[in-house]
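K.L.:
Let me begin by handing over the structure; questions about it come next.
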Amino acid sequence: MLSARASIRFGGEREALFVLSSRSGRSSSSSSTTSSSFCFSARGKESDWIKRRRRRRRRSVDGGKGKGGKGATVASGALTSMVSSMDPTTQSFMMTHAVVRDVVATVLTISGSLLWVKLFDELARREILEAKLSRKLVHVTSGTFFAMTWCLFGDQWYSKAFATLVPSLQAFRLFAIGSGLIENKNAVRAVSRGGGKEELLYGPFYYTIVLMVTTLLFWRESPVGFLVVSLMCGGDGVADIVGRRLGKTGKKWPKPFDERKSFAGSAAMVITGFLFTVSLTHLFGVMGFFPNNRVFGGPDDIGYYAVILLACLSCAVVEALPASKVDDNISVAAVAALLGSLAFL
Ligand SMILES: C/C(=C\COP(=O)(O)O)CCC[C@H](C)CCC[C@H](C)CCCC(C)C
Ligand SMILES: Nc1ccn([C@@H]2O[C@H](COP(=O)(O)OP(=O)(O)O)[C@@H](O)[C@H]2O)c(=O)n1
């Protein structure tokens, strides 16, 4: 019982029911509940693949083999054994205080974010990575990994506020360093282009603000947040990395677009944004985070792929506009959020 209740906190209620039934050796007939009160409706017909999946799940519940997806089962199993290996006092403390999970997740993610930026700074400082590439890899990975940590947080109404603390703290830090309130040469070297501390007040600061707003508005309950993160972090970041290398000799965007930007960079943005969105939404769907246990990205989920592709193409066009008008991090995120909301909310 202890481990079952603990896994509710660590893997969401759907998984918890599975763990309870498998441990006690009986099948659970409890109705599944999701933590979300968010009303989600994907446009279009439910695909055959999803229907088949649902049927398979129902069958496995009847057979007492569990009701979560394979990923959810694996995740909850690992977390359950982690919790059950703790001493009983810690277990009951963690169960009584749901907030502890959010605090632990926040502390871990904040530490991870500081270490991650530091790691890339070190790689650039030791000339293992070129400084520009290191900065862009921070751009691609930070927000993407941050979205992946959303599964560590609890199911409480305040859980997303805890998650929002992570980019908020980074935003505050960038603002303090950029405006000269505190000095941190390493941070300046890691995220500025030319070494000026005031640069932190633009791209990097906007990036963290977008992550804050995305977490608060969309959280892990719809694909929209994942679409925004995939395009602003993955897509925009890879456009630069690929564009600088392959785009030099290839075709460039004509006016009124930024003539320095290449079609190769934009194509890389579309491909990366698409792959990141599909992977993240599939992962969180399999873990049971979307309402109605929706899993996106089956082999015949054509409508879903079409919406994501359209959003990626639109964002690539917006990204190719001159950054002097609006910062890429804001314009790309705004278009992704708008199109995602129209399609999925
Ligand atoms: C360099 C960055 C943006 C610049 O954008 P642009 O000017 O090239 O368009 C990214 C700055 C990242 C920031 C310093 C750190 C953000 C951390 C994030 C909120 C949490 C990551 C957690 C994870 C576990 C690594
Ligand atoms: N679609 C794109 C985007 C960037 N790039 C290349 O990446 C460089 C930097 O792009 P950017 O000004 O958007 O960079 P950030 O503002 O995102 O850091 C450009 O000057 C191009 O060489 C590209 O070739 N194609």
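Just remember, in the structure tokens the first chain shown is A, the second B, etc., residues are 1-based per chain, and ligands are 1-based in the order shown.
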Could you list, with a cut-off of 7 Å and counting only C-alpha atoms and all ligand atoms, the residues of chain A near ligand 2, each shown with its nearest atom pair and the distance in Å rounded to one decimal, rows sorted by chain and ascending number, as a tab-separated table?
P.N.:
residue	atom	partner	partner_atom_place_in_ligand_line	distance
A:Asp236	CA	ligand 2	17 (O)	6.1
A:Gly237	CA	ligand 2	17 (O)	6.4
A:Ala239	CA	ligand 2	3 (C)	4.6
A:Asp240	CA	ligand 2	7 (O)	3.6
A:Ile241	CA	ligand 2	7 (O)	6.5
A:Val242	CA	ligand 2	24 (O)	6.9
A:Gly243	CA	ligand 2	24 (O)	3.1
A:Arg244	CA	ligand 2	22 (O)	4.3
A:Gly247	CA	ligand 2	24 (O)	4.9
A:Lys248	CA	ligand 2	22 (O)	6.9
A:Arg260	CA	ligand 2	20 (O)	5.0
A:Lys261	CA	ligand 2	25 (N)	3.7
A:Ser262	CA	ligand 2	24 (O)	3.9
A:Phe263	CA	ligand 2	25 (N)	6.2
A:Ala264	CA	ligand 2	25 (N)	6.4
A:Gly265	CA	ligand 2	25 (N)	3.6
A:Ser266	CA	ligand 2	1 (N)	4.0
A:Ala316	CA	ligand 2	1 (N)	6.9
A:Glu319	CA	ligand 2	1 (N)	6.5
A:Ala320	CA	ligand 2	1 (N)	5.4
A:Ala323	CA	ligand 2	16 (O)	6.5
A:Asp328	CA	ligand 2	17 (O)	6.2
K.L.:
Would you mind listing what lies within 10 Å of A:Ser113 as JSON, numbers by chain, with only C-alpha atoms counted and same-chain residues fewer than 5 positions away left out?
P.N.:
{"A": [107, 108, 118, 119, 138, 142, 143, 145, 146, 166, 167, 170]}
K.L.:
Take the residues that were just selected and, keeping C-alpha atoms, output them as a PDB file, in the first residue's frame.
P.N.:
ATOM      1  CA  VAL A 107      16.031  22.074  -6.363  1.00  0.00           C
ATOM      2  CA  LEU A 108      17.221  19.290  -8.676  1.00  0.00           C
ATOM      3  CA  LYS A 118      28.704  25.694 -16.376  1.00  0.00           C
ATOM      4  CA  LEU A 119      29.549  22.506 -18.269  1.00  0.00           C
ATOM      5  CA  VAL A 138      22.933  25.624 -24.344  1.00  0.00           C
ATOM      6  CA  SER A 142      18.326  23.970 -21.732  1.00  0.00           C
ATOM      7  CA  GLY A 143      14.658  24.553 -22.512  1.00  0.00           C
ATOM      8  CA  PHE A 145      15.627  19.374 -20.895  1.00  0.00           C
ATOM      9  CA  PHE A 146      13.616  21.746 -18.736  1.00  0.00           C
ATOM     10  CA  VAL A 166      13.422  27.369 -12.415  1.00  0.00           C
ATOM     11  CA  PRO A 167      13.345  29.768 -15.419  1.00  0.00           C
ATOM     12  CA  GLN A 170      17.539  32.076 -14.245  1.00  0.00           C
TER      13      GLN A 170
END
K.L.:
Which residue out of A:Phe289, A:Thr272, A:Ala124, A:Ala306 has the minimum interatomic distance to A:Met232 when only C-alpha atoms are used?
P.N.:
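Nearest candidate to A:Met232 out of A:Phe289, A:Thr272, A:Ala124, A:Ala306: A:Thr272.
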K.L.:
If you run DSSP on the backbone, which residues of stretch 139-248 of chain A are alpha helix (DSSP H), as JSON, numbers by chain?
P.N.:
{"A": [139, 140, 141, 142, 143, 144, 145, 146, 147, 148, 159, 160, 161, 162, 163, 164, 165, 166, 167, 168, 169, 170, 171, 172, 173, 174, 175, 176, 177, 178, 185, 186, 187, 188, 189, 190, 191, 203, 204, 205, 206, 207, 208, 209, 210, 211, 212, 213, 214, 215, 216, 217, 223, 224, 225, 226, 227, 228, 229, 236, 237, 238, 239, 240, 241, 242, 243, 244, 245, 246]}
K.L.:
For a quick check of understanding, using only C-alpha atoms and all ligand atoms, which of A:Gly288, A:Gly154, A:Pro223, A:Gly234 has the smallest distance to ligand 1?
P.N.:
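Residue with the minimum atom-to-atom distance to ligand 1: A:Gly234.
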K.L.:
Counting only C-alpha atoms, which residue out of A:Gly285, A:Pro291, A:Gly196, A:Gly235 sits closest to A:Gly180?
P.N.:
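Comparing A:Gly285, A:Pro291, A:Gly196, A:Gly235 against A:Gly180, the winner is A:Gly196.
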K.L.:
I'd like the contact shell of stretch 208-222 of chain A - 10 Å cut-off, only C-alpha atoms, skipping same-chain residues fewer than 3 positions apart - returned as an mmCIF file with C-alpha atoms, in the first residue's frame.
P.N.:
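Contents of the output file around09.cif:
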data_model
loop_
_atom_site.group_PDB
_atom_site.id
_atom_site.type_symbol
_atom_site.label_atom_id
_atom_site.label_comp_id
_atom_site.auth_asym_id
_atom_site.auth_seq_id
_atom_site.Cartn_x
_atom_site.Cartn_y
_atom_site.Cartn_z
ATOM 1 C CA SER A 35 -4.683 14.683 -12.419
ATOM 2 C CA SER A 36 -5.807 17.252 -14.878
ATOM 3 C CA SER A 37 -8.868 19.401 -14.797
ATOM 4 C CA PHE A 38 -7.786 20.892 -18.080
ATOM 5 C CA CYS A 39 -10.281 20.433 -20.866
ATOM 6 C CA PHE A 40 -8.456 19.101 -23.872
ATOM 7 C CA SER A 41 -9.836 18.246 -27.235
ATOM 8 C CA ALA A 42 -7.660 17.448 -30.196
ATOM 9 C CA SER A 142 18.326 23.970 -21.732
ATOM 10 C CA GLY A 143 14.658 24.553 -22.512
ATOM 11 C CA THR A 144 14.220 21.080 -23.991
ATOM 12 C CA PHE A 146 13.616 21.746 -18.736
ATOM 13 C CA ALA A 147 10.395 20.587 -20.450
ATOM 14 C CA MET A 148 11.482 16.986 -19.853
ATOM 15 C CA TRP A 150 8.073 18.605 -15.986
ATOM 16 C CA CYS A 151 7.359 14.936 -15.326
ATOM 17 C CA SER A 159 3.244 22.169 -9.003
ATOM 18 C CA LYS A 160 3.612 24.232 -12.162
ATOM 19 C CA ALA A 161 4.353 27.303 -10.044
ATOM 20 C CA PHE A 162 7.268 25.383 -8.556
ATOM 21 C CA ALA A 163 8.451 24.440 -12.057
ATOM 22 C CA THR A 164 8.163 28.088 -13.101
ATOM 23 C CA LEU A 165 10.643 28.984 -10.358
ATOM 24 C CA VAL A 166 13.422 27.369 -12.415
ATOM 25 C CA PRO A 167 13.345 29.768 -15.419
ATOM 26 C CA SER A 168 12.310 32.624 -13.076
ATOM 27 C CA LEU A 169 15.464 32.218 -11.051
ATOM 28 C CA GLN A 170 17.539 32.076 -14.245
ATOM 29 C CA ALA A 171 15.765 35.196 -15.554
ATOM 30 C CA PHE A 172 16.517 37.021 -12.330
ATOM 31 C CA LEU A 174 20.565 36.971 -16.083
ATOM 32 C CA GLY A 203 18.145 36.819 -26.147
ATOM 33 C CA PRO A 204 18.972 34.787 -23.004
ATOM 34 C CA PHE A 205 16.632 36.854 -20.790
ATOM 35 C CA GLY A 225 3.919 23.973 -24.443
ATOM 36 C CA PHE A 226 6.045 21.257 -26.026
ATOM 37 C CA LEU A 227 5.560 22.826 -29.455
ATOM 38 C CA VAL A 228 6.721 26.225 -28.161
ATOM 39 C CA VAL A 229 9.783 24.756 -26.418
ATOM 40 C CA MET A 232 12.172 28.190 -29.663
ATOM 41 C CA CYS A 233 14.919 25.985 -28.241
ATOM 42 C CA LEU A 280 8.230 15.195 -26.322
ATOM 43 C CA THR A 281 4.473 14.884 -26.797
ATOM 44 C CA PHE A 284 4.483 12.655 -22.078
ATOM 45 C CA GLY A 285 1.486 10.914 -23.671
ATOM 46 C CA GLY A 288 -0.102 9.356 -19.072
ATOM 47 C CA PHE A 289 0.078 13.132 -18.602
ATOM 48 C CA PHE A 290 -2.468 14.191 -21.218
ATOM 49 C CA PRO A 291 -6.176 14.170 -20.388
ATOM 50 C CA ARG A 294 -4.262 10.678 -25.131
ATOM 51 C CA ASN A 329 12.844 33.860 -29.084
ATOM 52 C CA ILE A 330 9.691 35.929 -28.659
ATOM 53 C CA ALA A 333 7.378 31.270 -29.359
ATOM 54 C CA ALA A 334 4.378 33.561 -29.932
ATOM 55 C CA ALA A 337 1.751 29.264 -29.024
ATOM 56 C CA GLY A 340 -0.775 25.396 -31.183
ATOM 57 C CA SER A 341 -3.628 26.919 -29.185
ATOM 58 C CA PHE A 344 -5.220 21.914 -29.752
ATOM 59 C CA LEU A 345 -7.114 23.947 -27.175
#
K.L.:
Figure out the distance between atom CA of A:Tyr202 and atom CA of A:Ala176, please, to one decimal in Å.
P.N.:
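Separation between atom CA of A:Ala176 and atom CA of A:Tyr202: 12.7 Å.
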